[in-house]
Amino acid sequence: MPSYQDYHTRSTGSAGTGVGAGDAGGQNLPDVIGNSAPMREVFRTTRQVAPSKACVLILGETGTGKELIARAIHNLSPRSTGPYIRVNCGALTESLLESELFGHMKGSFTGAVDNRTGRFEAAHAGSIFLDEINSTSPKLQVKLLRVLQEGEFERVGDNNTKKVDTRIVAATNRDLLDEIDAGRFREDLYYRLNVVPIYLPPLRDRRDDIEALVLSFLKRYADQNRRDMNKVQPEAMRLLCDHDWPGNVRELQNYVERAVILGNGPVLLVEHLPPQLRGQTPPRPTSARMKGGGPVLTAELVRQGIRAAGPNANDLYDRIVGQVERELIQQVLQACDRVQIKAAARLGINRNTLHKKLSEFRIDEPGLTPGDEGDRNGESPAPPREPVPPSEQE
Ligand SMILES: Nc1ncnc2c1ncn2[C@@H]1O[C@H](COP(=O)(O)OP(=O)(O)O)[C@@H](O)[C@H]1O
Ligand SMILES: [Mg+2]
């Protein structure tokens, strides 16, 4: 880890000058890869805000590097020789989190067998990083607001007020304005936290950074595992650059580590990448992503369609919309015993239109069984069909 001096020599002359990204103010932070315009903006703001005591709110999807930036703020600050304390507010229940943050007195609740110092006290003269602050309960939000405003709090079960001098950095992976609207987050706390916001864009919005990230993790994991893999097959790099990265940098890091471990030559090949990057459906538990319902599935379907079509496709509309249209017609037709007049009524389209679509999609042509027709360009097979429930089959 670089020293405080390193950070300061590097930032000399840039912090606080108010100059734009692309100049020295946007220079990289140690251990943080990225040269895209939005990342240079992140570097510039980080360097500008670090020397102050201002509260920083880091926003971004999971895996975008929020924790990395929180640590850089501490390391670049005059408090870098003091403690850096991280608390994941999303990982504990309300009462455990309260006692974790503020400490408690012996006997204040069942299990409180000793007096305990909280993380705020531990962060005195340093910084505290409140990760996933969006998960805190209304009661804790009141206590947090007071620490932010007055630097004061009480341990659970104690009447004595403690004072603490700590720099607060918080992160959220939810839009706090939505949380305020939903009544889950206090507006006054939001304004108090949001003194300097730093937004980390998702990786899919800064694809220029992907290659550098891949190469840097390749080096890291090859060294760590004593492998000599040091190159990436161009096709593999293309797949990495085209992927949508719902898990952002963390997901990319995992795939590169996996490839280093699975591969044995000097080159990272397509076959070392997980199925979802190769346009195949990954074997994965469905529940979490299914919760989003239709929109999530639709987004996934469209993503996969775009990926499967390749970068030179110029018929995405027909391909992807056609794929959905065809599947819809097939399913409804099947549910209506292949009676076209019934299917047209259920679909809410004219019978002639249905007839035209059936021949366009070559549905119901003799010799074709559902599922083996291939898509309209004959390049990739149609997606596996959902089994039709028995009630709809007859
Ligand atoms: N720009 C980056 N350069 C290098 N590593 C990164 C970058 N962004 C994220 N990482 C790495 O990706 C992983 C996830 O980052 P983290 O800061 O924990 O994300 P978050 O807190 O937003 O979920 C960590 O291992 C981190 O080191
Ligand atoms: Mg995190």
# chains A, B, ... in the order shown; residues from 1 in each chain; ligands from 1
>>> residues_around(residues="stretch 343-346 of chain A", least_positions_apart="2", cutoff="12 Å", atoms="only C-alpha atoms", output="PyMOL selection string")
chain A and resi 328-341+348-358
>>> residues_near_ligand(ligand="ligand 1", cutoff="8 Å", atoms="only C-alpha atoms and all ligand atoms", output="list in words")
Asp31, Val32, Ile33, Gly34, Met39, Gly60, Glu61, Thr62, Gly63, Thr64, Gly65, Lys66, Glu67, Leu68, Ile69, Asp131, Ala171, Asn173, Leu200, Leu213, Ser216, Phe217, Asn248, Val249, Arg250, Glu251, Leu252 and Gln253 of chain A
>>> select_by_dssp(residues="stretch 36-183 of chain A", states="strand (DSSP E)", output="CSV table (one decimal) with N, CA and C atoms, in the first residue's frame")
chain,number,residue,atom,x,y,z
A,56,VAL,N,-18.5,12.5,2.5
A,56,VAL,CA,-18.5,12.1,1.0
A,56,VAL,C,-19.6,11.0,0.9
A,57,LEU,N,-20.4,11.1,-0.1
A,57,LEU,CA,-21.4,10.0,-0.3
A,57,LEU,C,-21.0,9.4,-1.7
A,58,ILE,N,-20.7,8.1,-1.6
A,58,ILE,CA,-20.3,7.4,-2.8
A,58,ILE,C,-21.4,6.6,-3.4
A,59,LEU,N,-21.8,6.8,-4.6
A,59,LEU,CA,-22.9,6.2,-5.2
A,59,LEU,C,-22.5,5.2,-6.3
A,84,TYR,N,-8.8,3.5,9.9
A,84,TYR,CA,-9.8,3.5,8.9
A,84,TYR,C,-10.8,2.4,9.2
A,85,ILE,N,-12.0,2.7,9.5
A,85,ILE,CA,-13.0,1.7,10.0
A,85,ILE,C,-14.1,1.5,9.0
A,86,ARG,N,-14.3,0.3,8.6
A,86,ARG,CA,-15.4,0.1,7.7
A,86,ARG,C,-16.6,-0.7,8.4
A,87,VAL,N,-17.8,-0.2,8.2
A,87,VAL,CA,-18.9,-0.9,8.7
A,87,VAL,C,-19.9,-1.2,7.6
A,88,ASN,N,-20.3,-2.5,7.4
A,88,ASN,CA,-21.3,-2.8,6.4
A,88,ASN,C,-22.7,-2.7,7.1
A,103,GLY,N,-21.5,1.3,20.4
A,103,GLY,CA,-21.0,0.6,21.6
A,103,GLY,C,-22.2,0.4,22.5
A,104,HIS,N,-21.9,-0.3,23.6
A,104,HIS,CA,-23.0,-0.5,24.6
A,104,HIS,C,-22.4,-0.7,26.0
A,116,ARG,N,-18.8,-2.1,25.8
A,116,ARG,CA,-18.1,-2.3,24.5
A,116,ARG,C,-18.0,-1.0,23.8
A,117,THR,N,-16.8,-0.7,23.3
A,117,THR,CA,-16.5,0.4,22.4
A,117,THR,C,-17.1,0.2,21.1
A,127,SER,N,-11.0,7.8,9.9
A,127,SER,CA,-12.2,7.9,9.1
A,127,SER,C,-13.1,6.7,9.3
A,128,ILE,N,-14.4,6.8,9.1
A,128,ILE,CA,-15.3,5.7,9.2
A,128,ILE,C,-16.1,5.6,7.9
A,129,PHE,N,-16.1,4.4,7.3
A,129,PHE,CA,-16.8,4.2,6.0
A,129,PHE,C,-18.1,3.4,6.3
A,130,LEU,N,-19.2,4.1,6.1
A,130,LEU,CA,-20.5,3.4,6.4
A,130,LEU,C,-21.0,2.9,5.0
A,131,ASP,N,-20.8,1.6,4.8
A,131,ASP,CA,-21.2,1.0,3.5
A,131,ASP,C,-22.6,0.6,3.6
A,152,GLU,N,-21.7,13.8,18.2
A,152,GLU,CA,-22.1,13.3,19.5
A,152,GLU,C,-23.0,12.1,19.4
A,153,PHE,N,-22.9,11.2,20.4
A,153,PHE,CA,-23.8,10.1,20.5
A,153,PHE,C,-23.6,9.5,21.9
A,154,GLU,N,-24.5,8.5,22.2
A,154,GLU,CA,-24.4,7.8,23.5
A,154,GLU,C,-24.3,6.3,23.1
A,161,THR,N,-22.8,11.4,27.2
A,161,THR,CA,-22.6,11.7,25.8
A,161,THR,C,-21.1,11.6,25.4
A,162,LYS,N,-20.8,11.0,24.3
A,162,LYS,CA,-19.5,10.9,23.8
A,162,LYS,C,-19.3,11.8,22.7
A,163,LYS,N,-18.1,12.3,22.5
A,163,LYS,CA,-17.8,13.2,21.4
A,163,LYS,C,-16.7,12.5,20.5
A,167,ARG,N,-13.9,11.4,10.3
A,167,ARG,CA,-14.4,11.7,8.9
A,167,ARG,C,-15.4,10.7,8.4
A,168,ILE,N,-16.5,11.1,8.0
A,168,ILE,CA,-17.5,10.1,7.6
A,168,ILE,C,-17.6,10.0,6.0
A,169,VAL,N,-17.4,8.8,5.6
A,169,VAL,CA,-17.6,8.5,4.1
A,169,VAL,C,-18.7,7.4,4.1
A,170,ALA,N,-19.7,7.6,3.3
A,170,ALA,CA,-20.8,6.6,3.2
A,170,ALA,C,-21.0,6.2,1.8
A,171,ALA,N,-21.6,5.0,1.6
A,171,ALA,CA,-21.8,4.5,0.3
A,171,ALA,C,-23.2,3.9,0.2
A,172,THR,N,-23.8,4.0,-1.0
A,172,THR,CA,-25.1,3.5,-1.2
A,172,THR,C,-25.2,2.8,-2.6
>>> residues_around(residues="A:His74", least_positions_apart="2", cutoff="8 Å", atoms="only C-alpha atoms", output="number ranges by chain")
A: 50, 70-72, 76-77, 79-80, 84, 126-127
>>> write_last_selection(atoms="C-alpha atoms", output="short mmCIF file (atom, residue, chain, number, x, y, z; two decimals), in the first residue's frame")
data_model
loop_
_atom_site.label_atom_id
_atom_site.label_comp_id
_atom_site.auth_asym_id
_atom_site.auth_seq_id
_atom_site.Cartn_x
_atom_site.Cartn_y
_atom_site.Cartn_z
CA ALA A 50 -9.78 14.02 0.41
CA ALA A 70 -13.53 5.25 0.30
CA ARG A 71 -10.13 3.89 1.23
CA ALA A 72 -8.37 6.22 -1.21
CA LEU A 76 -5.11 10.78 0.71
CA SER A 77 -6.29 12.67 3.78
CA ARG A 79 -6.00 11.42 8.78
CA SER A 80 -4.28 8.60 6.90
CA TYR A 84 -9.83 3.52 8.87
CA GLY A 126 -9.43 8.67 11.49
CA SER A 127 -12.23 7.87 9.06
#
>>> residues_around(residues="A:Thr281", least_positions_apart="4", cutoff="10 Å", atoms="only C-alpha atoms", output="ChimeraX atom specification")
/A:274-277,304,383
>>> write_last_selection(atoms="N, CA and C atoms", output="PDB file, in the first residue's frame")
ATOM      1  N   PRO A 274     -16.512 -17.947 -18.681  1.00  0.00           N
ATOM      2  CA  PRO A 274     -17.753 -18.634 -18.288  1.00  0.00           C
ATOM      3  C   PRO A 274     -18.799 -18.572 -19.402  1.00  0.00           C
ATOM      4  N   PRO A 275     -19.765 -19.497 -19.393  1.00  0.00           N
ATOM      5  CA  PRO A 275     -20.726 -19.615 -20.490  1.00  0.00           C
ATOM      6  C   PRO A 275     -21.466 -18.316 -20.810  1.00  0.00           C
ATOM      7  N   GLN A 276     -21.792 -17.528 -19.790  1.00  0.00           N
ATOM      8  CA  GLN A 276     -22.599 -16.331 -20.079  1.00  0.00           C
ATOM      9  C   GLN A 276     -21.854 -15.336 -20.982  1.00  0.00           C
ATOM     10  N   LEU A 277     -20.526 -15.389 -20.986  1.00  0.00           N
ATOM     11  CA  LEU A 277     -19.781 -14.508 -21.876  1.00  0.00           C
ATOM     12  C   LEU A 277     -19.733 -15.059 -23.289  1.00  0.00           C
ATOM     13  N   GLN A 304     -28.731 -10.940 -24.486  1.00  0.00           N
ATOM     14  CA  GLN A 304     -28.224 -12.170 -25.090  1.00  0.00           C
ATOM     15  C   GLN A 304     -28.373 -12.138 -26.610  1.00  0.00           C
ATOM     16  N   PRO A 383     -34.254 -20.374 -28.699  1.00  0.00           N
ATOM     17  CA  PRO A 383     -34.072 -20.691 -27.285  1.00  0.00           C
ATOM     18  C   PRO A 383     -34.940 -21.873 -26.885  1.00  0.00           C
TER      19      PRO A 383
END
>>> residues_around(residues="A:Lys231", least_positions_apart="3", cutoff="9 Å", atoms="only C-alpha atoms", output="ChimeraX atom specification")
/A:215,218,266-269
>>> closest_residue(among="A:Gly247, A:Glu211, A:Arg278, A:Ser36", to="ligand 2", atoms="only C-alpha atoms and all ligand atoms")
A:Gly247
